[in-house]
Amino acid sequence: MKEIRYIVKDKLGIHARPAGLLVKQTSKFNSKIMIKKDTKEIDAKSILGVMSLGVRCGEEILVTFEGTDEAVASETIRDFFINYL
Amino acid sequence: MKKTWIEKLGLGKEKNIIILSPLEGVSCPISEVSDPTFSEKILGEGIAIQPTKGEVVSPVDGTVAIMFETKHAVSIISEQGTEILIHVGLDTINLRGEFFKAFVKANDKVKAGDLLLQFDMDKILNAGYDVITPIVICNTNKYLDITTYTGKSVKKLDQIMVLKNKDRL
């Protein structure tokens with residue numbers, strides 16, 4: 001299992017556009033990918049799931065990866081966060 | 001329609017799901033919306049409505065999944081499991097809720113036609129934003145095919161999309 005903790009820097013948080021782009025990335029991997037904010041945890045391959053977290057600028061998320069491609073998945077998603085969020 | 005024995009047992013599902021218009025206006029292809037998030041179908045397949053009135057009603061019977069904090073967008077999950085996002089205008093998140101009024105919140109049960117949002121079209125346009133409203137099926141991959149009815153004047157609850165279910169059995 002791999003884990004990433006990330007604090008969102010984008011002023012608008014994770015709204016529709018980055019949610020869609022994020023899911024486009026997570027859907028490429030066969031690993032189970034979950035995102036947790038406080039006590040709420042959702043499937044990172046679900047657009048509605050990601051948007052429902054309502055992650056705002058300055059909030060921290062925990063992303064977990066479990067599966068055969070968890071290493072490349074976690075690196076790809078970390079890069080995505082750095083570049084887009 | 002005559003129900004098969006499968007449907008009577010509650011195992012089958014409707015072959016086609018009809019999505020009704022949540023707004024009054026003119027329907028157009030989502031590929032013509034000038035925001036690639038929608039035109040490139042990153043969030044899913046759908047349709048766009050150029051509104052003529054600042055009101056959004058529920059297009060289906062279902063539950064409110066998300067009422068965005070900034071009230072410019074709302075998501076509904078229908079009773080048949082269709083995930084629908086209605087996003088009023090482009091980049092309107094930047095208005096931070098100004099000119100929008102929400103009438104429902106997450107987890108509210110709604111019926112087709114229930115008022116979800118009101119928005120002041122003139123003020124949004126004067127602030128420099130496009131009010132075109134994409135309606136997106138966020139779980140597009142659940143469906144075999146999505147047909148849209150574009151290039152027409154629509155009233156609220158007019159048919160705008162037909163989703164074809166993947167055959168189960």
# chains A, B, ... in the order shown; residues from 1 in each chain; ligands from 1
>>> interface_residues(of="chain B", to="chain A", cutoff="8 Å", atoms="only C-alpha atoms", output="number ranges by chain")
B: 37, 42-43, 65-66, 68-69, 75, 83, 93-94, 138-139
>>> select_by_dssp(residues="chain A", states="helix (DSSP H, G or I)", output="PDB file with C-alpha atoms, in the first residue's frame")
ATOM      1  CA  ALA A  16     -15.428  20.210 -11.285  1.00  0.00           C
ATOM      2  CA  ARG A  17     -12.479  20.779 -13.619  1.00  0.00           C
ATOM      3  CA  PRO A  18      -9.670  19.318 -11.464  1.00  0.00           C
ATOM      4  CA  ALA A  19     -12.001  16.553 -10.238  1.00  0.00           C
ATOM      5  CA  GLY A  20     -12.541  15.442 -13.821  1.00  0.00           C
ATOM      6  CA  LEU A  21      -8.838  15.624 -14.663  1.00  0.00           C
ATOM      7  CA  LEU A  22      -7.943  13.725 -11.468  1.00  0.00           C
ATOM      8  CA  VAL A  23     -10.403  10.925 -12.215  1.00  0.00           C
ATOM      9  CA  LYS A  24      -9.055  10.728 -15.762  1.00  0.00           C
ATOM     10  CA  GLN A  25      -5.665   9.935 -14.162  1.00  0.00           C
ATOM     11  CA  THR A  26      -6.824   7.576 -11.401  1.00  0.00           C
ATOM     12  CA  ILE A  47     -16.217  11.923 -10.313  1.00  0.00           C
ATOM     13  CA  LEU A  48     -19.127  12.457  -7.979  1.00  0.00           C
ATOM     14  CA  GLY A  49     -17.133  10.932  -5.132  1.00  0.00           C
ATOM     15  CA  VAL A  50     -14.228  13.329  -5.621  1.00  0.00           C
ATOM     16  CA  MET A  51     -16.477  16.397  -5.985  1.00  0.00           C
ATOM     17  CA  SER A  52     -18.519  15.425  -2.919  1.00  0.00           C
ATOM     18  CA  GLU A  70       0.386   1.226  -6.711  1.00  0.00           C
ATOM     19  CA  ALA A  71       3.948   2.572  -7.075  1.00  0.00           C
ATOM     20  CA  VAL A  72       3.483   4.176 -10.484  1.00  0.00           C
ATOM     21  CA  ALA A  73      -0.062   5.244  -9.581  1.00  0.00           C
ATOM     22  CA  SER A  74       1.044   7.114  -6.450  1.00  0.00           C
ATOM     23  CA  GLU A  75       3.860   8.873  -8.325  1.00  0.00           C
ATOM     24  CA  THR A  76       1.571   9.887 -11.165  1.00  0.00           C
ATOM     25  CA  ILE A  77      -1.069  11.228  -8.810  1.00  0.00           C
ATOM     26  CA  ARG A  78       1.501  13.056  -6.695  1.00  0.00           C
ATOM     27  CA  ASP A  79       2.764  14.780  -9.840  1.00  0.00           C
ATOM     28  CA  PHE A  80      -0.791  15.602 -10.810  1.00  0.00           C
ATOM     29  CA  PHE A  81      -1.455  17.292  -7.459  1.00  0.00           C
ATOM     30  CA  ILE A  82       1.748  19.285  -7.674  1.00  0.00           C
ATOM     31  CA  ASN A  83       0.937  20.484 -11.185  1.00  0.00           C
ATOM     32  CA  TYR A  84      -2.815  21.047 -10.921  1.00  0.00           C
TER      33      TYR A  84
END
>>> closest_residue(among="A:Tyr6, A:Val63, A:Cys57, A:Ile14", to="A:Met34", atoms="only C-alpha atoms")
A:Val63
>>> residues_around(residues="A:Ser31", least_positions_apart="6", cutoff="7 Å", atoms="only C-alpha atoms", output="PyMOL selection string")
chain A and resi 65-70
>>> closest_atom_pairs(of="stretch 68-96 of chain B", to="stretch 44-52 of chain B", cutoff="12 Å", atoms="only C-alpha atoms", output="JSON lines")
{"residue": "B:Thr82", "atom": "CA", "partner": "B:Gly44", "partner_atom": "CA", "distance": 11.8}
{"residue": "B:Glu83", "atom": "CA", "partner": "B:Gly44", "partner_atom": "CA", "distance": 10.0}
{"residue": "B:Ile84", "atom": "CA", "partner": "B:Gly46", "partner_atom": "CA", "distance": 9.0}
{"residue": "B:Leu85", "atom": "CA", "partner": "B:Gly46", "partner_atom": "CA", "distance": 9.3}
{"residue": "B:Ile86", "atom": "CA", "partner": "B:Ala48", "partner_atom": "CA", "distance": 9.2}
{"residue": "B:His87", "atom": "CA", "partner": "B:Ala48", "partner_atom": "CA", "distance": 9.3}
{"residue": "B:Val88", "atom": "CA", "partner": "B:Pro51", "partner_atom": "CA", "distance": 9.2}
{"residue": "B:Gly89", "atom": "CA", "partner": "B:Gln50", "partner_atom": "CA", "distance": 9.1}
{"residue": "B:Leu90", "atom": "CA", "partner": "B:Ala48", "partner_atom": "CA", "distance": 11.2}
>>> write_last_selection(atoms="C-alpha atoms", output="compact mmCIF listing (two decimals), in the first residue's frame")
# COMPACT_ATOMS: atom_id res chain seq x y z
CA THR B 82 -27.64 7.84 -13.08
CA GLU B 83 -25.21 10.50 -11.81
CA ILE B 84 -26.12 13.89 -13.25
CA LEU B 85 -24.15 17.11 -12.86
CA ILE B 86 -25.83 20.42 -13.74
CA HIS B 87 -23.25 23.19 -13.95
CA VAL B 88 -24.67 26.67 -14.41
CA GLY B 89 -22.33 28.76 -16.51
CA LEU B 90 -18.61 28.45 -17.16
>>> atom_distance(atom1="atom CA of B:Asp61", atom2="atom CA of B:Phe103")
15.8 Å
>>> residues_around(residues="B:Asp145", least_positions_apart="2", cutoff="7 Å", atoms="only C-alpha atoms", output="ChimeraX atom specification")
/B:143,147,163-164
>>> write_last_selection(atoms="C-alpha atoms", output="PDB file, in the first residue's frame")
ATOM      1  CA  TYR B 143     -24.251   3.167 -20.369  1.00  0.00           C
ATOM      2  CA  THR B 147     -28.403  10.031 -27.464  1.00  0.00           C
ATOM      3  CA  LEU B 163     -29.318   6.598 -22.059  1.00  0.00           C
ATOM      4  CA  LYS B 164     -29.159   3.014 -23.215  1.00  0.00           C
TER       5      LYS B 164
END
